[in-house]
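Data block for structure_0.cif (mmCIF, N, CA and C atoms):
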```cif
data_structure
loop_
_atom_site.label_atom_id
_atom_site.label_comp_id
_atom_site.auth_asym_id
_atom_site.auth_seq_id
_atom_site.Cartn_x
_atom_site.Cartn_y
_atom_site.Cartn_z
N MET C 1219 -25.92 18.97 -20.66
CA MET C 1219 -25.59 17.57 -20.51
C MET C 1219 -26.89 16.77 -20.62
N SER C 1220 -26.82 15.69 -21.37
CA SER C 1220 -28.01 14.89 -21.58
C SER C 1220 -28.40 14.14 -20.31
N ALA C 1221 -29.67 13.79 -20.24
CA ALA C 1221 -30.18 13.06 -19.08
C ALA C 1221 -29.54 11.67 -19.01
N LYS C 1222 -29.28 11.08 -20.18
CA LYS C 1222 -28.67 9.75 -20.23
C LYS C 1222 -27.27 9.79 -19.61
N LEU C 1223 -26.49 10.81 -19.95
CA LEU C 1223 -25.14 10.93 -19.39
C LEU C 1223 -25.20 11.17 -17.88
N ARG C 1224 -26.15 11.97 -17.43
CA ARG C 1224 -26.30 12.21 -15.99
C ARG C 1224 -26.60 10.92 -15.25
N VAL C 1225 -27.48 10.09 -15.82
CA VAL C 1225 -27.82 8.81 -15.19
C VAL C 1225 -26.60 7.90 -15.16
N VAL C 1226 -25.85 7.86 -16.26
CA VAL C 1226 -24.65 7.02 -16.32
C VAL C 1226 -23.64 7.48 -15.27
N LEU C 1227 -23.42 8.79 -15.15
CA LEU C 1227 -22.49 9.31 -14.15
C LEU C 1227 -22.95 8.98 -12.73
N PHE C 1228 -24.25 9.11 -12.49
CA PHE C 1228 -24.79 8.79 -11.17
C PHE C 1228 -24.58 7.31 -10.84
N ILE C 1229 -24.90 6.44 -11.80
CA ILE C 1229 -24.72 4.99 -11.58
C ILE C 1229 -23.24 4.68 -11.39
N PHE C 1230 -22.38 5.29 -12.20
CA PHE C 1230 -20.94 5.09 -12.11
C PHE C 1230 -20.43 5.46 -10.73
N SER C 1231 -20.84 6.62 -10.23
CA SER C 1231 -20.39 7.05 -8.91
C SER C 1231 -20.94 6.14 -7.81
N PHE C 1232 -22.18 5.70 -7.96
CA PHE C 1232 -22.77 4.82 -6.95
C PHE C 1232 -22.05 3.47 -6.91
N VAL C 1233 -21.76 2.91 -8.10
CA VAL C 1233 -21.07 1.61 -8.16
C VAL C 1233 -19.69 1.71 -7.52
N TRP C 1234 -18.94 2.77 -7.84
CA TRP C 1234 -17.61 2.94 -7.24
C TRP C 1234 -17.70 3.16 -5.74
N PHE C 1235 -18.75 3.87 -5.28
CA PHE C 1235 -18.93 4.06 -3.84
C PHE C 1235 -19.15 2.71 -3.16
N VAL C 1236 -19.97 1.87 -3.75
CA VAL C 1236 -20.23 0.54 -3.18
C VAL C 1236 -18.95 -0.30 -3.17
N ILE C 1237 -18.16 -0.22 -4.25
CA ILE C 1237 -16.91 -0.98 -4.32
C ILE C 1237 -15.95 -0.54 -3.23
N VAL C 1238 -15.76 0.78 -3.09
CA VAL C 1238 -14.83 1.29 -2.08
C VAL C 1238 -15.31 0.94 -0.68
N MET C 1239 -16.60 1.09 -0.42
CA MET C 1239 -17.13 0.75 0.91
C MET C 1239 -16.96 -0.74 1.19
N GLY C 1240 -17.15 -1.58 0.17
CA GLY C 1240 -16.95 -3.02 0.35
C GLY C 1240 -15.50 -3.34 0.69
N LEU C 1241 -14.57 -2.66 0.04
CA LEU C 1241 -13.16 -2.88 0.35
C LEU C 1241 -12.82 -2.42 1.77
N ILE C 1242 -13.44 -1.34 2.20
CA ILE C 1242 -13.21 -0.86 3.56
C ILE C 1242 -13.77 -1.86 4.57
N ARG C 1243 -14.96 -2.36 4.33
CA ARG C 1243 -15.58 -3.31 5.26
C ARG C 1243 -14.80 -4.62 5.38
N ARG C 1244 -14.19 -5.04 4.27
CA ARG C 1244 -13.42 -6.28 4.30
C ARG C 1244 -11.97 -6.05 4.72
N ASN C 1245 -11.66 -4.85 5.17
CA ASN C 1245 -10.31 -4.47 5.61
C ASN C 1245 -9.26 -4.64 4.52
N LYS C 1246 -9.65 -4.45 3.27
CA LYS C 1246 -8.69 -4.52 2.17
C LYS C 1246 -8.20 -3.11 1.79
N LEU C 1247 -8.89 -2.09 2.27
CA LEU C 1247 -8.51 -0.71 1.98
C LEU C 1247 -8.70 0.12 3.25
N PRO C 1248 -7.61 0.64 3.80
CA PRO C 1248 -7.74 1.47 5.00
C PRO C 1248 -8.52 2.76 4.71
N ILE C 1249 -9.20 3.25 5.71
CA ILE C 1249 -10.03 4.44 5.54
C ILE C 1249 -9.20 5.63 5.08
N LYS C 1250 -8.00 5.80 5.62
CA LYS C 1250 -7.21 6.98 5.25
C LYS C 1250 -6.82 6.95 3.78
N TYR C 1251 -6.69 5.77 3.18
CA TYR C 1251 -6.36 5.68 1.76
C TYR C 1251 -7.61 5.80 0.89
N SER C 1252 -8.74 5.52 1.46
CA SER C 1252 -9.97 5.58 0.68
C SER C 1252 -10.49 7.01 0.52
N LEU C 1253 -9.97 7.95 1.28
CA LEU C 1253 -10.46 9.33 1.20
C LEU C 1253 -10.26 9.94 -0.18
N VAL C 1254 -9.15 9.62 -0.82
CA VAL C 1254 -8.91 10.14 -2.17
C VAL C 1254 -9.96 9.59 -3.13
N TRP C 1255 -10.25 8.31 -3.00
CA TRP C 1255 -11.26 7.71 -3.87
C TRP C 1255 -12.64 8.29 -3.58
N MET C 1256 -12.95 8.50 -2.32
CA MET C 1256 -14.24 9.09 -1.97
C MET C 1256 -14.37 10.51 -2.53
N PHE C 1257 -13.29 11.26 -2.51
CA PHE C 1257 -13.31 12.61 -3.07
C PHE C 1257 -13.59 12.55 -4.57
N ALA C 1258 -12.93 11.64 -5.27
CA ALA C 1258 -13.15 11.49 -6.71
C ALA C 1258 -14.60 11.08 -7.00
N ILE C 1259 -15.12 10.17 -6.22
CA ILE C 1259 -16.51 9.73 -6.38
C ILE C 1259 -17.46 10.89 -6.13
N PHE C 1260 -17.17 11.71 -5.11
CA PHE C 1260 -18.01 12.86 -4.81
C PHE C 1260 -18.03 13.86 -5.96
N ILE C 1261 -16.88 14.10 -6.58
CA ILE C 1261 -16.81 15.03 -7.72
C ILE C 1261 -17.68 14.53 -8.87
N ILE C 1262 -17.59 13.24 -9.18
CA ILE C 1262 -18.39 12.67 -10.27
C ILE C 1262 -19.87 12.72 -9.92
N PHE C 1263 -20.21 12.45 -8.67
CA PHE C 1263 -21.60 12.53 -8.23
C PHE C 1263 -22.11 13.96 -8.33
N LEU C 1264 -21.30 14.92 -7.93
CA LEU C 1264 -21.69 16.33 -7.99
C LEU C 1264 -21.95 16.76 -9.43
N ILE C 1265 -21.12 16.30 -10.34
CA ILE C 1265 -21.32 16.61 -11.76
C ILE C 1265 -22.63 16.01 -12.26
N ALA C 1266 -22.96 14.80 -11.80
CA ALA C 1266 -24.20 14.15 -12.22
C ALA C 1266 -25.43 14.86 -11.67
N VAL C 1267 -25.33 15.35 -10.44
CA VAL C 1267 -26.49 15.98 -9.80
C VAL C 1267 -26.66 17.43 -10.25
N ILE C 1268 -25.55 18.16 -10.37
CA ILE C 1268 -25.61 19.58 -10.74
C ILE C 1268 -24.81 19.78 -12.03
N PRO C 1269 -25.41 19.49 -13.19
CA PRO C 1269 -24.65 19.59 -14.45
C PRO C 1269 -24.30 21.03 -14.83
N LYS C 1270 -25.02 22.01 -14.32
CA LYS C 1270 -24.72 23.41 -14.64
C LYS C 1270 -23.36 23.82 -14.11
N ILE C 1271 -22.87 23.11 -13.11
CA ILE C 1271 -21.57 23.44 -12.54
C ILE C 1271 -20.48 23.27 -13.59
N LEU C 1272 -20.68 22.33 -14.53
CA LEU C 1272 -19.72 22.14 -15.61
C LEU C 1272 -19.66 23.36 -16.52
N GLU C 1273 -20.82 23.91 -16.83
CA GLU C 1273 -20.86 25.09 -17.68
C GLU C 1273 -20.16 26.27 -17.01
N ILE C 1274 -20.37 26.42 -15.73
CA ILE C 1274 -19.74 27.52 -14.98
C ILE C 1274 -18.22 27.37 -15.02
N PHE C 1275 -17.72 26.16 -14.74
CA PHE C 1275 -16.28 25.93 -14.76
C PHE C 1275 -15.71 26.02 -16.18
N ALA C 1276 -16.47 25.53 -17.17
CA ALA C 1276 -15.99 25.61 -18.56
C ALA C 1276 -15.81 27.05 -18.98
N ASN C 1277 -16.76 27.90 -18.64
CA ASN C 1277 -16.64 29.32 -18.97
C ASN C 1277 -15.53 29.99 -18.17
N ALA C 1278 -15.38 29.63 -16.91
CA ALA C 1278 -14.37 30.25 -16.05
C ALA C 1278 -12.95 29.90 -16.50
N PHE C 1279 -12.74 28.67 -16.94
CA PHE C 1279 -11.40 28.23 -17.32
C PHE C 1279 -11.15 28.30 -18.82
N GLY C 1280 -12.13 28.72 -19.59
CA GLY C 1280 -11.92 28.93 -21.02
C GLY C 1280 -12.02 27.69 -21.89
N PHE C 1281 -12.69 26.66 -21.43
CA PHE C 1281 -12.90 25.47 -22.25
C PHE C 1281 -14.00 25.75 -23.27
N LEU C 1282 -13.80 25.32 -24.52
CA LEU C 1282 -14.79 25.56 -25.55
C LEU C 1282 -15.95 24.59 -25.46
N THR C 1283 -15.65 23.35 -25.07
CA THR C 1283 -16.71 22.36 -24.93
C THR C 1283 -16.65 21.74 -23.53
N ILE C 1284 -17.80 21.31 -23.08
CA ILE C 1284 -17.88 20.72 -21.75
C ILE C 1284 -17.17 19.37 -21.71
N SER C 1285 -17.18 18.64 -22.83
CA SER C 1285 -16.51 17.34 -22.85
C SER C 1285 -15.01 17.49 -22.59
N ASN C 1286 -14.40 18.56 -23.08
CA ASN C 1286 -12.98 18.79 -22.79
C ASN C 1286 -12.77 19.06 -21.30
N LEU C 1287 -13.70 19.77 -20.69
CA LEU C 1287 -13.61 20.02 -19.24
C LEU C 1287 -13.73 18.71 -18.46
N VAL C 1288 -14.65 17.84 -18.87
CA VAL C 1288 -14.83 16.56 -18.18
C VAL C 1288 -13.56 15.73 -18.27
N ILE C 1289 -12.97 15.70 -19.47
CA ILE C 1289 -11.71 14.96 -19.62
C ILE C 1289 -10.63 15.58 -18.75
N GLY C 1290 -10.58 16.90 -18.70
CA GLY C 1290 -9.61 17.58 -17.83
C GLY C 1290 -9.81 17.26 -16.36
N ILE C 1291 -11.07 17.24 -15.93
CA ILE C 1291 -11.37 16.91 -14.53
C ILE C 1291 -10.96 15.47 -14.22
N LEU C 1292 -11.30 14.54 -15.11
CA LEU C 1292 -10.94 13.14 -14.87
C LEU C 1292 -9.43 12.94 -14.86
N LEU C 1293 -8.73 13.62 -15.76
CA LEU C 1293 -7.27 13.52 -15.75
C LEU C 1293 -6.68 14.10 -14.47
N THR C 1294 -7.25 15.20 -14.00
CA THR C 1294 -6.78 15.80 -12.75
C THR C 1294 -7.01 14.85 -11.57
N ILE C 1295 -8.17 14.22 -11.54
CA ILE C 1295 -8.46 13.26 -10.47
C ILE C 1295 -7.46 12.09 -10.52
N LEU C 1296 -7.20 11.58 -11.71
CA LEU C 1296 -6.26 10.47 -11.84
C LEU C 1296 -4.84 10.87 -11.44
N LEU C 1297 -4.45 12.08 -11.81
CA LEU C 1297 -3.13 12.56 -11.40
C LEU C 1297 -3.04 12.73 -9.89
N ALA C 1298 -4.12 13.21 -9.27
CA ALA C 1298 -4.13 13.37 -7.82
C ALA C 1298 -4.01 12.01 -7.12
N ILE C 1299 -4.74 11.04 -7.62
CA ILE C 1299 -4.67 9.69 -7.04
C ILE C 1299 -3.26 9.12 -7.21
N THR C 1300 -2.67 9.32 -8.38
CA THR C 1300 -1.31 8.85 -8.62
C THR C 1300 -0.32 9.52 -7.69
N LEU C 1301 -0.47 10.82 -7.48
CA LEU C 1301 0.43 11.55 -6.58
C LEU C 1301 0.32 11.03 -5.15
N VAL C 1302 -0.89 10.83 -4.68
CA VAL C 1302 -1.09 10.32 -3.32
C VAL C 1302 -0.47 8.93 -3.18
N LEU C 1303 -0.68 8.07 -4.16
CA LEU C 1303 -0.11 6.72 -4.09
C LEU C 1303 1.41 6.75 -4.15
N THR C 1304 1.97 7.66 -4.94
CA THR C 1304 3.43 7.80 -5.01
C THR C 1304 3.99 8.25 -3.68
N MET C 1305 3.31 9.18 -3.01
CA MET C 1305 3.76 9.62 -1.69
C MET C 1305 3.72 8.48 -0.69
N LEU C 1306 2.69 7.64 -0.76
CA LEU C 1306 2.59 6.49 0.13
C LEU C 1306 3.73 5.51 -0.11
N ILE C 1307 4.04 5.26 -1.37
CA ILE C 1307 5.13 4.34 -1.70
C ILE C 1307 6.46 4.89 -1.19
N ALA C 1308 6.68 6.19 -1.36
CA ALA C 1308 7.93 6.79 -0.89
C ALA C 1308 8.06 6.67 0.62
N ARG C 1309 6.96 6.91 1.34
CA ARG C 1309 6.98 6.79 2.80
C ARG C 1309 7.26 5.35 3.22
N GLN C 1310 6.63 4.39 2.54
CA GLN C 1310 6.86 3.00 2.88
C GLN C 1310 8.29 2.57 2.57
N LYS C 1311 8.87 3.10 1.50
CA LYS C 1311 10.26 2.78 1.18
C LYS C 1311 11.20 3.26 2.28
N LYS C 1312 10.95 4.45 2.81
CA LYS C 1312 11.76 4.96 3.93
C LYS C 1312 11.62 4.06 5.15
N GLN C 1313 10.38 3.65 5.44
CA GLN C 1313 10.15 2.78 6.59
C GLN C 1313 10.85 1.44 6.42
N ILE C 1314 10.82 0.88 5.21
CA ILE C 1314 11.48 -0.39 4.96
C ILE C 1314 12.99 -0.25 5.14
N THR C 1315 13.56 0.85 4.64
CA THR C 1315 14.99 1.10 4.79
C THR C 1315 15.37 1.19 6.27
N LEU C 1316 14.57 1.90 7.05
CA LEU C 1316 14.84 2.01 8.48
C LEU C 1316 14.75 0.65 9.17
N LEU C 1317 13.75 -0.14 8.80
CA LEU C 1317 13.61 -1.47 9.39
C LEU C 1317 14.79 -2.37 9.04
N ILE C 1318 15.25 -2.30 7.81
CA ILE C 1318 16.41 -3.10 7.41
C ILE C 1318 17.64 -2.68 8.23
N GLN C 1319 17.82 -1.38 8.42
CA GLN C 1319 18.95 -0.90 9.19
C GLN C 1319 18.87 -1.35 10.64
N GLU C 1320 17.67 -1.27 11.23
CA GLU C 1320 17.50 -1.69 12.62
C GLU C 1320 17.74 -3.19 12.78
N VAL C 1321 17.22 -3.98 11.85
CA VAL C 1321 17.43 -5.42 11.92
C VAL C 1321 18.91 -5.75 11.77
N SER C 1322 19.61 -5.06 10.86
CA SER C 1322 21.04 -5.28 10.68
C SER C 1322 21.81 -4.93 11.94
N MET C 1323 21.44 -3.84 12.59
CA MET C 1323 22.12 -3.45 13.84
C MET C 1323 21.86 -4.45 14.93
N LEU C 1324 20.64 -4.98 15.01
CA LEU C 1324 20.31 -5.98 16.03
C LEU C 1324 21.05 -7.29 15.77
N LYS C 1325 21.16 -7.68 14.52
CA LYS C 1325 21.90 -8.90 14.18
C LYS C 1325 23.37 -8.74 14.53
N GLU C 1326 23.92 -7.59 14.24
CA GLU C 1326 25.34 -7.32 14.53
C GLU C 1326 25.57 -7.30 16.04
N LYS C 1327 24.60 -6.77 16.77
CA LYS C 1327 24.73 -6.68 18.24
C LYS C 1327 24.67 -8.07 18.88
N ASN C 1328 23.88 -8.96 18.32
CA ASN C 1328 23.71 -10.30 18.89
C ASN C 1328 24.83 -11.26 18.52
N LYS C 1329 25.73 -10.89 17.66
CA LYS C 1329 26.83 -11.79 17.28
C LYS C 1329 27.84 -11.95 18.37
#
```
Encoding of this model in structure tokens:
Amino acid sequence: MSAKLRVVLFIFSFVWFVIVMGLIRRNKLPIKYSLVWMFAIFIIFLIAVIPKILEIFANAFGFLTISNLVIGILLTILLAITLVLTMLIARQKKQITLLIQEVSMLKEKNK
């Protein structure tokens, strides 16, 4: 991996870390939801700091080029983030349904 790409990955991970921390400080992103983003940032930072790890994983998983492995890693990270967000939406939908039912029962009781 070229030194230029390593620097870009390092800066990219640092900028995203600052963005996520800023959102946490302004109470726009709860800490429990930011853990997925922090994990993704850590993976990108790790790749920037230890580029040989890509070669090890590329050989272990049978990738012919490291760029294909990087794309695979990024797609996996995006899928993981999507899965976590989908689970959160499903949980919130259940909570909303329960709240609607409780409010309906309370309205019916007060009539």
Chain and number of each residue from the PyMOL selection byres (((chain C and resi 1272 and name CA) around 12) and name CA), as a PyMOL selection string: chain C and resi 1219+1224+1261-1262+1264-1271+1273-1291
Report, as JSON, the axis-aligned box around all atoms of range 1233-1237 of chain C present in the file, extended by 3 Å on each side; give centre and edge lengths in Å to one decimal place.
```
{"center_x": -18.9, "center_y": 1.5, "center_z": -5.7, "size_x": 11.8, "size_y": 11.0, "size_z": 11.0}
```
Expected selection from the PyMOL selection byres (((chain C and resi 1255 and name CA) around 12) and name CA), given as a PyMOL selection string: chain C and resi 1231+1234-1239+1241-1242+1247-1254+1256-1262+1295-1296+1298-1300+1302-1303
Coordinates-based distance that separates atom N of Lys1329 in chain C from atom C of Leu1317 in chain C (Å, one decimal):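 Separation of atom C of Leu1317 in chain C and atom N of Lys1329 in chain C: 16.3 Å.
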d(atom C of Ile1229 in chain C, atom C of Leu1292 in chain C) in Å: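 Separation between atom C of Ile1229 in chain C and atom C of Leu1292 in chain C: 16.5 Å.
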Length of the CA of Gln1310 in chain C to atom C of Asn1328 in chain C vector [Å]: 27.8 Å
